[in-house]
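One structure is given here, and the rest of the page talks about it.
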2 protein chains.
Amino acid sequence: MYAHAIHSLTSNVTRTAREVSQDQTSKNARLLIRAGYISQAAAGIYTLMPLAIRVLARIEQIVREEMLSLGAQEFLAPALQARELWETTGRWESIDVLYQLRSRHGQEYGLAATAEEAIVAAFEKNIRSYRDLPAALFQISTKFRDEPRARSGLLRGREFRMKDLYSFHFSEAERDLYYEEVCRAYMRIFARCGIGAGTLRTFASGGVFSKFSDEFQLLHEAGEDTVFVTEDGQTALNKEVADDADALRQLFGSTVPRLREHRAIEIGNTFKLGVRYTDAFGVSVQDSEGARRSVQMCSYGIGTTRVLASIAEVYGDDAGLVWPKALAPYDIHVVVLGGDSQTLEMARQVREVCAHERLSALIDERPEIRAGEKFADADLLGMPLRVVIGGRSSQEGRIEVKRRTEQEVSTISLDQLTGFVAGS
Amino acid sequence: MYAHAIHSLTSNVTRTAREVSQDQTSKNARLLIRAGYISQAAAGIYTLMPLAIRVLARIEQIVREEMLSLGAQEFLAPALQARELWETTGRWESIDVLYQLRSRHGQEYGLAATAEEAIVAAFEKNIRSYRDLPAALFQISTKFRDEPRARSGLLRGREFRMKDLYSFHFSEAERDLYYEEVCRAYMRIFARCGIGAGTLRTFASGGVFSKFSDEFQLLHEAGEDTVFVTEDGQTALNKEVADDADALRQLFGSTVPRLREHRAIEIGNTFKLGVRYTDAFGVSVQDSEGARRSVQMCSYGIGTTRVLASIAEVYGDDAGLVWPKALAPYDIHVVVLGGDSQTLEMARQVREVCAHERLSALIDERPEIRAGEKFADADLLGMPLRVVIGGRSSQEGRIEVKRRTEQEVSTISLDQLTGFVAGS
C-alpha cells in the first residue's frame, strides 16, 4: 500500500519536538509525540499523523495477511450499534466502558467497544445448516472505550484501532482445533512485528463456558497487567488465575511451582464464548438429521495501535524510537548536509537508487537545520538505517551509513546501499 | 491488498436472497442486500460484508493513490472530537447532523461528521512559517451524520466512509492552483471508478470567502440533488446557484442560456474555506519579512461508500449488480456444474491458472444448488466475467465464458482465459 515512497522530511507533516507536556507520563506517548507520529486530541484520544499511519498500515497488513491465511474474510461492522443489540445480551448495562449516545431523533446507540452482538446479528442468517460451519470473519476498525483513566498513551486509549476475529463452529472439538490455529497465527503476527520473543500465551480466566481464555502478554515494565511465569518460562498465567486455587489445581495439580511475577502489556486475547452470544440471538443450525443445534462461537482481539505503542515502549531508547525493519515507515532516513553540487548530485543518485530498488526513503534536506539537529531527528524518528550525504564522502562518490541500533558508521559506495538495507 | 484471491462461494460469508424487506426503497440497498454485500444494522446503518469490503478496498486504494500523487500524506483524526473543538468555530450548534455524546466522566464529544477543526488543531503547530506551506493531508475514515431520513441505502447513511483532504496555502493564487489540481485528480478518480463520463464538475454556492464551491455530480435519477446543465454540456450548476440571480450573472453575464434539469448524486465536493477555520484556531505564519499572515485552507471530500452505492445504481440491472473491472471483488465468477472427474479436474486447472496469472476468482462449487440458481447468483453478484465448468465442454478440456454485460457465451480453451479477462 505504501511501498517505496520517497518523501522529504518537512515540518508541515512531521515536526519534532525536544519536549512534550508533563501530562504525558507514558514512554510511548512521549516518544511518539516528540517524534511527530501522534498528536493528542483529548485525554486518551490521539490523531495519528502520517508517520504513524505508515507504521499502522504495515502492522494491519501483517494482521490481515495472517487472518486471510486462516480462511477468515474481512467485514466491517458499524461503530453505531443499536441499543437493542446490546440489550439482547445484557451488555448495555454490564459493559461499564460502553459509550452510549442518543440521537436527535431518539435512536440510542452504543459505540463499538467490541462487535460480538453486531457480527452475530449481521451473519446469523448466513448460518443455518451444519454445512455453513465453520465460518470466520474479521475486521480491523476503530473501537471506543470510556476508560476512567487514560494515562498510558496509545496503550490504553479511549479510541483505538483493533482487529477482531469471530469464528463459529458446529462442535466443541472443531472449535478447539480452530482456536489453536488462531493462537498460532497470533504468535506469527507478534513475531513478524518484532515482539514475538517477549510475548507469552497466558492463561486467563474463562467464563461460563470455558475454564480458561488466553491472553497474549508482552512482558514489559510499562504494562498495566501482572502475569506469573514458571521458572522454565513455559507456562504463564494472569493475576486472576494465580489468585484462583481451583484454576491453579487444574493447571498444576497439587504442587504449584514457583512463579515469577512480571509486568506485561496485553497485546491480544482469545475467548471461547461457547453458545452465549449465538443462543442470545437465537442462532442455531440444523444437523445432518434435521435437529436444531446451538452454535459455538469464539472471539479473538489484537489492538493494532496498542501493538504500535508496545513497540515504541520495547525498542525506544533515550534518543528516540527504534522500528523493526518490517514496520518502519521508511527503510532509510537520508540526511543531506550542505548544498554543494557534489552533495546535490549524490542526493539525486540516492533517490534514483531508492526508486529503482524500491526502497522507501525519508530525506532530510531542510536547509535551515544544523547537522547535529538532523542527526538527533534521525535517531528520534527511528528508521533502521541512517544515510548521510555531504562533505568529503560525497566528493568521493560515497555515503555514510549507520544502523539505528549501532554506533558504527560505515562509508560505502552507492551500489552497496541495497545490500546494506537488506543486511540484518 | 486483495490481489488474486481464490475463494469458494459459501453461504456463510455470502448468502444471496431473492427478496429484501419492503423498507428498502433504494435500488443500491436492494441490490447490495440481495447480493449479500451489505446487511442493514439499523436505519441508515449497514454492516459491510466481505464482498463489499473488497470493492471498497479497491475504491479507497484508487482514492489513496490519487491523493498521494497530489503530494498529500495520510493521517487519521479521531471519531471522538471534543466539544471545545467544535465550539471554536461555532459548529457545535450549527451542524444539525452532528451526533453529540457525553461520557460517563463528563467529557463531551461530537462524532466526526467532518474534520476541519480536528485537522487544524492537530497540525497547527506544524504550520508556523511561509516555508511550511503548502501542506496537504488526507484521511479515509468512518464519518457520522445524524440524518433525519435515511432512505437511500449507502447513498446517504448515518455512518459512512469518506475521504477528506485538507490543504493549507500561503497565498490565494497558490491555493487556487492546488485547488484545480485536486479537481483534476477527482475527475481521474471517478474515471478510474467507471463513473467519469456521467460526472460533472458543478458550480455550488460558496460561502463567505468564495463565490463558488464545486460539487462533483453524477447525473442519475437516484440522486437526491438537482443540477442544471447548459445544452452544450459544458457548464453545470446546482439548485442554489440556479436560484441565485447574482451567481447566474457572474457565470453567464446578462444572458442566461437554456439549462436542462437533471437528478444527480453528489459524489464529491471541494471548498475554498479561506481563513475561517485557520483564523478561528489562531493559525498564522510568518512571511519572509517576519510579519504574521493568515493561512488559506481548502477541504475536499469524496464519500467512498457513496461511490460504491452510485456504481450499484448506475450499472445494476434487473438481474443484479454489474461491477466495472477495476472495482469488481473478483475478476471472474466460476460456476462448477456437476462432480464428475473431468469437471473436477477442469476446476483444479482453472484454480491453477488463476493462481499463476494472478486472477482473482470466486468459485461456486456448491453441490446442492441447481445450475439455474448458480447462474442467477452469478448475475446478481456482478463479476465482469462468468466462467462455467462442466458437461460436454469440460470433457473437451474447454470452458464457457460470458461477460456480465453481454448475452453471448463463448467456449474457449483454458489458455485463452487470461486474454479474455484482459479484453475490454
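Letters A, B, ... go to the chains of the C-alpha cells in the order shown; residues in each chain start at 1; ligands are counted from 1 in the same order.
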
Please check the contacts: residues of chain A at most 8 Å away from chain B, using only C-alpha atoms, listed as a PyMOL selection string. chain A and resi 1+10-15+39-42+45-50+52-53+61+73-82+99-105+118+121-123+126-127+132-133+135+146+148+159

Just the selected residues (C-alpha atoms), exported as a short mmCIF file (atom, residue, chain, number, x, y, z; two decimals), in the first residue's frame, please.
data_model
loop_
_atom_site.label_atom_id
_atom_site.label_comp_id
_atom_site.auth_asym_id
_atom_site.auth_seq_id
_atom_site.Cartn_x
_atom_site.Cartn_y
_atom_site.Cartn_z
CA MET A 1 0.00 0.00 0.00
CA THR A 10 9.05 18.62 6.00
CA SER A 11 7.96 20.20 9.21
CA ASN A 12 4.43 20.70 7.93
CA VAL A 13 3.88 16.95 8.05
CA THR A 14 6.36 15.91 10.73
CA ARG A 15 7.56 18.41 13.26
CA SER A 39 -0.79 14.41 18.46
CA GLN A 40 -3.05 14.42 21.48
CA ALA A 41 -6.60 15.49 20.61
CA ALA A 42 -8.19 14.94 24.04
CA ILE A 45 -7.53 10.30 22.23
CA TYR A 46 -4.86 10.88 19.59
CA THR A 47 -4.62 11.99 16.00
CA LEU A 48 -2.39 9.66 14.01
CA MET A 49 0.00 11.72 11.93
CA PRO A 50 1.45 10.45 8.62
CA ALA A 52 2.18 6.66 12.50
CA ILE A 53 -0.22 5.85 9.65
CA GLN A 61 -1.40 -5.58 6.71
CA GLN A 73 -12.80 -12.97 5.47
CA GLU A 74 -12.95 -9.26 6.20
CA PHE A 75 -16.12 -7.38 7.07
CA LEU A 76 -16.87 -4.05 8.74
CA ALA A 77 -19.44 -3.59 11.47
CA PRO A 78 -20.73 -0.10 12.16
CA ALA A 79 -19.45 1.94 15.09
CA LEU A 80 -23.02 2.98 15.89
CA GLN A 81 -24.59 -0.18 17.30
CA ALA A 82 -28.24 -0.01 18.31
CA TYR A 99 -20.06 4.97 25.26
CA GLN A 100 -23.81 5.44 24.93
CA LEU A 101 -25.48 8.12 22.86
CA ARG A 102 -28.93 9.22 21.88
CA SER A 103 -29.53 10.86 18.53
CA ARG A 104 -31.66 13.94 17.95
CA HIS A 105 -34.31 11.57 16.63
CA ALA A 118 -23.01 -6.86 15.73
CA ALA A 121 -26.81 -10.02 14.09
CA ALA A 122 -25.26 -9.45 10.66
CA PHE A 123 -24.31 -13.04 9.87
CA ASN A 126 -25.92 -16.94 6.80
CA ILE A 127 -25.56 -19.72 9.34
CA ASP A 132 -22.41 -23.44 6.80
CA LEU A 133 -19.90 -24.07 9.59
CA ALA A 135 -17.31 -19.58 9.47
CA ASP A 146 -14.84 5.07 28.01
CA PRO A 148 -11.94 6.09 33.55
CA GLU A 159 -10.40 5.44 20.92
#

Can you pull out the residues contacting A:Ile399? Cut-off 9 Å, using only C-alpha atoms, and skip same-chain residues under 4 positions away; I want them as a list in words.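 The residues that qualify are Met346, Val387, Val388, Ile389, Gly390, Ser393, Ser394, Ser410, Thr411, Ile412, Ser413, Leu414 and Leu417 of chain A.
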
Polymer residues at most 8 Å from stretch 348-356 of chain B, only C-alpha atoms, same-chain spacing of 4 or more positions, as a PyMOL selection string: chain B and resi 4-6+344+360-361+414

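For the atom pair formed by atom CA of B:Ser21 and atom CA of B:Gly320, the distance is 16.3 Å, given to one decimal.
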
Tell me which protein, DNA and RNA residues are within 7 Å of B:Leu259, counting only C-alpha atoms, leaving out same-chain ones fewer than 2 positions away, and put them as a count of residues only. 6

Run DSSP on the backbone and tell me which residues of stretch 225-375 of chain A come out as strand (DSSP E); list them as an MDAnalysis selection string. chainID A and resid 225:230 236:238 259:274 284:286 292:294 296:303 332:336 361:364

Using only N, CA and C atoms, please write the residues we just selected to a file, as a tab-separated table (two decimals), in the first residue's frame.
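To be explicit, this is the file written out as out17.tsv:
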chain	number	residue	atom	x	y	z
A	225	ASP	N	-0.69	-4.89	33.28
A	225	ASP	CA	-1.09	-6.21	33.78
A	225	ASP	C	0.04	-6.84	34.59
A	226	THR	N	-0.35	-7.80	35.42
A	226	THR	CA	0.62	-8.61	36.14
A	226	THR	C	0.46	-10.04	35.69
A	227	VAL	N	1.56	-10.69	35.30
A	227	VAL	CA	1.47	-12.11	34.95
A	227	VAL	C	2.50	-12.87	35.78
A	228	PHE	N	2.26	-14.16	35.90
A	228	PHE	CA	3.13	-15.03	36.67
A	228	PHE	C	3.63	-16.13	35.75
A	229	VAL	N	4.94	-16.33	35.76
A	229	VAL	CA	5.55	-17.24	34.80
A	229	VAL	C	6.34	-18.30	35.56
A	230	THR	N	6.21	-19.55	35.15
A	230	THR	CA	7.01	-20.61	35.78
A	230	THR	C	8.48	-20.40	35.46
A	236	ALA	N	2.50	-19.40	31.62
A	236	ALA	CA	2.23	-18.07	32.17
A	236	ALA	C	0.75	-17.99	32.53
A	237	LEU	N	0.45	-17.27	33.59
A	237	LEU	CA	-0.94	-17.09	33.98
A	237	LEU	C	-1.14	-15.66	34.44
A	238	ASN	N	-2.34	-15.16	34.26
A	238	ASN	CA	-2.58	-13.79	34.71
A	238	ASN	C	-2.97	-13.79	36.18
A	259	LEU	N	6.53	-19.29	40.88
A	259	LEU	CA	6.10	-18.41	39.79
A	259	LEU	C	6.78	-17.06	39.95
A	260	ARG	N	7.25	-16.54	38.84
A	260	ARG	CA	7.88	-15.21	38.84
A	260	ARG	C	6.88	-14.17	38.40
A	261	GLU	N	6.83	-13.07	39.10
A	261	GLU	CA	5.88	-12.01	38.76
A	261	GLU	C	6.50	-11.04	37.76
A	262	HIS	N	5.74	-10.65	36.76
A	262	HIS	CA	6.20	-9.69	35.75
A	262	HIS	C	5.10	-8.68	35.46
A	263	ARG	N	5.53	-7.48	35.07
A	263	ARG	CA	4.58	-6.54	34.45
A	263	ARG	C	4.46	-6.93	32.98
A	264	ALA	N	3.29	-6.72	32.39
A	264	ALA	CA	3.10	-7.13	31.00
A	264	ALA	C	2.03	-6.29	30.31
A	265	ILE	N	2.16	-6.19	29.00
A	265	ILE	CA	1.18	-5.49	28.16
A	265	ILE	C	0.34	-6.55	27.45
A	266	GLU	N	-0.97	-6.49	27.62
A	266	GLU	CA	-1.84	-7.45	26.94
A	266	GLU	C	-2.04	-6.99	25.50
A	267	ILE	N	-1.39	-7.67	24.55
A	267	ILE	CA	-1.49	-7.21	23.17
A	267	ILE	C	-2.49	-8.03	22.35
A	268	GLY	N	-3.02	-9.09	22.96
A	268	GLY	CA	-4.05	-9.86	22.26
A	268	GLY	C	-4.80	-10.71	23.26
A	269	ASN	N	-5.99	-11.13	22.87
A	269	ASN	CA	-6.71	-12.08	23.72
A	269	ASN	C	-7.65	-12.91	22.86
A	270	THR	N	-7.95	-14.08	23.35
A	270	THR	CA	-8.80	-15.02	22.62
A	270	THR	C	-9.75	-15.68	23.62
A	271	PHE	N	-11.00	-15.83	23.20
A	271	PHE	CA	-12.04	-16.35	24.09
A	271	PHE	C	-12.85	-17.45	23.40
A	272	LYS	N	-13.08	-18.51	24.12
A	272	LYS	CA	-14.12	-19.45	23.70
A	272	LYS	C	-15.41	-18.99	24.37
A	273	LEU	N	-16.30	-18.46	23.57
A	273	LEU	CA	-17.52	-17.86	24.13
A	273	LEU	C	-18.64	-18.87	24.30
A	274	GLY	N	-18.42	-20.08	23.78
A	274	GLY	CA	-19.48	-21.08	23.85
A	274	GLY	C	-20.70	-20.61	23.08
A	284	SER	N	-29.14	-20.99	15.47
A	284	SER	CA	-28.89	-22.42	15.59
A	284	SER	C	-28.80	-23.01	14.20
A	285	VAL	N	-28.22	-24.17	14.08
A	285	VAL	CA	-28.12	-24.81	12.76
A	285	VAL	C	-28.79	-26.18	12.82
A	286	GLN	N	-29.15	-26.63	11.64
A	286	GLN	CA	-29.72	-27.96	11.51
A	286	GLN	C	-28.57	-28.95	11.35
A	292	ARG	N	-32.15	-29.14	15.46
A	292	ARG	CA	-31.52	-27.84	15.70
A	292	ARG	C	-30.41	-28.00	16.72
A	293	ARG	N	-29.31	-27.34	16.45
A	293	ARG	CA	-28.18	-27.41	17.37
A	293	ARG	C	-27.64	-26.00	17.62
A	294	SER	N	-27.21	-25.75	18.84
A	294	SER	CA	-26.57	-24.46	19.15
A	294	SER	C	-25.26	-24.33	18.39
A	296	GLN	N	-21.30	-22.91	18.40
A	296	GLN	CA	-20.16	-22.50	19.21
A	296	GLN	C	-19.51	-21.26	18.60
A	297	MET	N	-19.11	-20.33	19.43
A	297	MET	CA	-18.52	-19.09	18.92
A	297	MET	C	-17.24	-18.77	19.70
A	298	CYS	N	-16.27	-18.19	19.01
A	298	CYS	CA	-15.05	-17.67	19.67
A	298	CYS	C	-14.83	-16.24	19.21
A	299	SER	N	-14.14	-15.46	20.02
A	299	SER	CA	-13.71	-14.14	19.55
A	299	SER	C	-12.25	-13.93	19.92
A	300	TYR	N	-11.58	-13.13	19.10
A	300	TYR	CA	-10.12	-13.01	19.19
A	300	TYR	C	-9.74	-11.56	18.87
A	301	GLY	N	-9.06	-10.89	19.76
A	301	GLY	CA	-8.72	-9.48	19.53
A	301	GLY	C	-7.23	-9.20	19.51
A	302	ILE	N	-6.84	-8.24	18.70
A	302	ILE	CA	-5.48	-7.67	18.76
A	302	ILE	C	-5.63	-6.17	18.59
A	303	GLY	N	-5.13	-5.41	19.55
A	303	GLY	CA	-5.15	-3.96	19.43
A	303	GLY	C	-3.98	-3.51	18.57
A	332	ILE	N	15.01	3.84	4.92
A	332	ILE	CA	16.19	4.64	5.27
A	332	ILE	C	15.81	6.10	5.53
A	333	HIS	N	16.62	6.71	6.37
A	333	HIS	CA	16.48	8.13	6.69
A	333	HIS	C	17.73	8.80	6.12
A	334	VAL	N	17.54	9.65	5.14
A	334	VAL	CA	18.67	10.26	4.44
A	334	VAL	C	18.89	11.67	4.95
A	335	VAL	N	20.06	11.93	5.48
A	335	VAL	CA	20.41	13.27	5.95
A	335	VAL	C	21.30	13.92	4.89
A	336	VAL	N	20.86	15.03	4.34
A	336	VAL	CA	21.65	15.74	3.34
A	336	VAL	C	22.27	16.96	4.02
A	361	ALA	N	12.29	5.97	1.38
A	361	ALA	CA	13.26	6.87	1.99
A	361	ALA	C	12.60	8.15	2.48
A	362	LEU	N	13.02	8.57	3.65
A	362	LEU	CA	12.64	9.88	4.17
A	362	LEU	C	13.89	10.75	4.08
A	363	ILE	N	13.81	11.82	3.33
A	363	ILE	CA	15.01	12.60	3.02
A	363	ILE	C	14.95	13.95	3.71
A	364	ASP	N	15.96	14.21	4.54
A	364	ASP	CA	16.01	15.46	5.30
A	364	ASP	C	16.97	16.43	4.60

Which of stretch 312-347 of chain B DSSP labels alpha helix (DSSP H), written as an MDAnalysis selection string: chainID B and resid 312:315 341:347

Residue neighbourhood A:Glu406, 10 Å, only C-alpha atoms, exclusion window fewer than 4 positions, as a ChimeraX atom specification: /A:384-385,402

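The protein and nucleic acid residues lying at most 10 Å from A:Glu19 are Thr16, Gln22, Arg30, Leu31, Ile33, Arg34 and Ala35 of chain A, with only C-alpha atoms considered and sequence neighbours fewer than 3 positions away removed.
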
May I have the residues within 12 Å of A:Asp246 as a PDB file with C-alpha atoms, in the first residue's frame, using only C-alpha atoms and disregarding those fewer than 6 positions away in the same chain?
ATOM      1  CA  SER A 205      -9.929 -16.798  33.473  1.00  0.00           C
ATOM      2  CA  LYS A 211     -12.338 -22.600  32.335  1.00  0.00           C
ATOM      3  CA  PHE A 212      -9.682 -20.513  30.622  1.00  0.00           C
ATOM      4  CA  GLU A 240      -6.935 -13.700  38.248  1.00  0.00           C
ATOM      5  CA  PHE A 252      -0.545 -27.770  38.084  1.00  0.00           C
ATOM      6  CA  GLY A 253      -2.187 -30.496  40.200  1.00  0.00           C
ATOM      7  CA  SER A 254      -1.398 -30.399  43.901  1.00  0.00           C
ATOM      8  CA  VAL A 256       2.071 -25.258  42.318  1.00  0.00           C
TER       9      VAL A 256
END

Would you work out the distance separating atom CA of A:Val421 from atom CA of A:Asp331, expressed in Å to one decimal?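 Atom CA of A:Asp331 lies at a distance of 7.2 Å from atom CA of A:Val421.
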
I'd like the interatomic distance between atom CA of B:Tyr178 and atom CA of B:Gln234, to a tenth of an Å.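 Between atom CA of B:Tyr178 and atom CA of B:Gln234 the gap works out to 22.0 Å.
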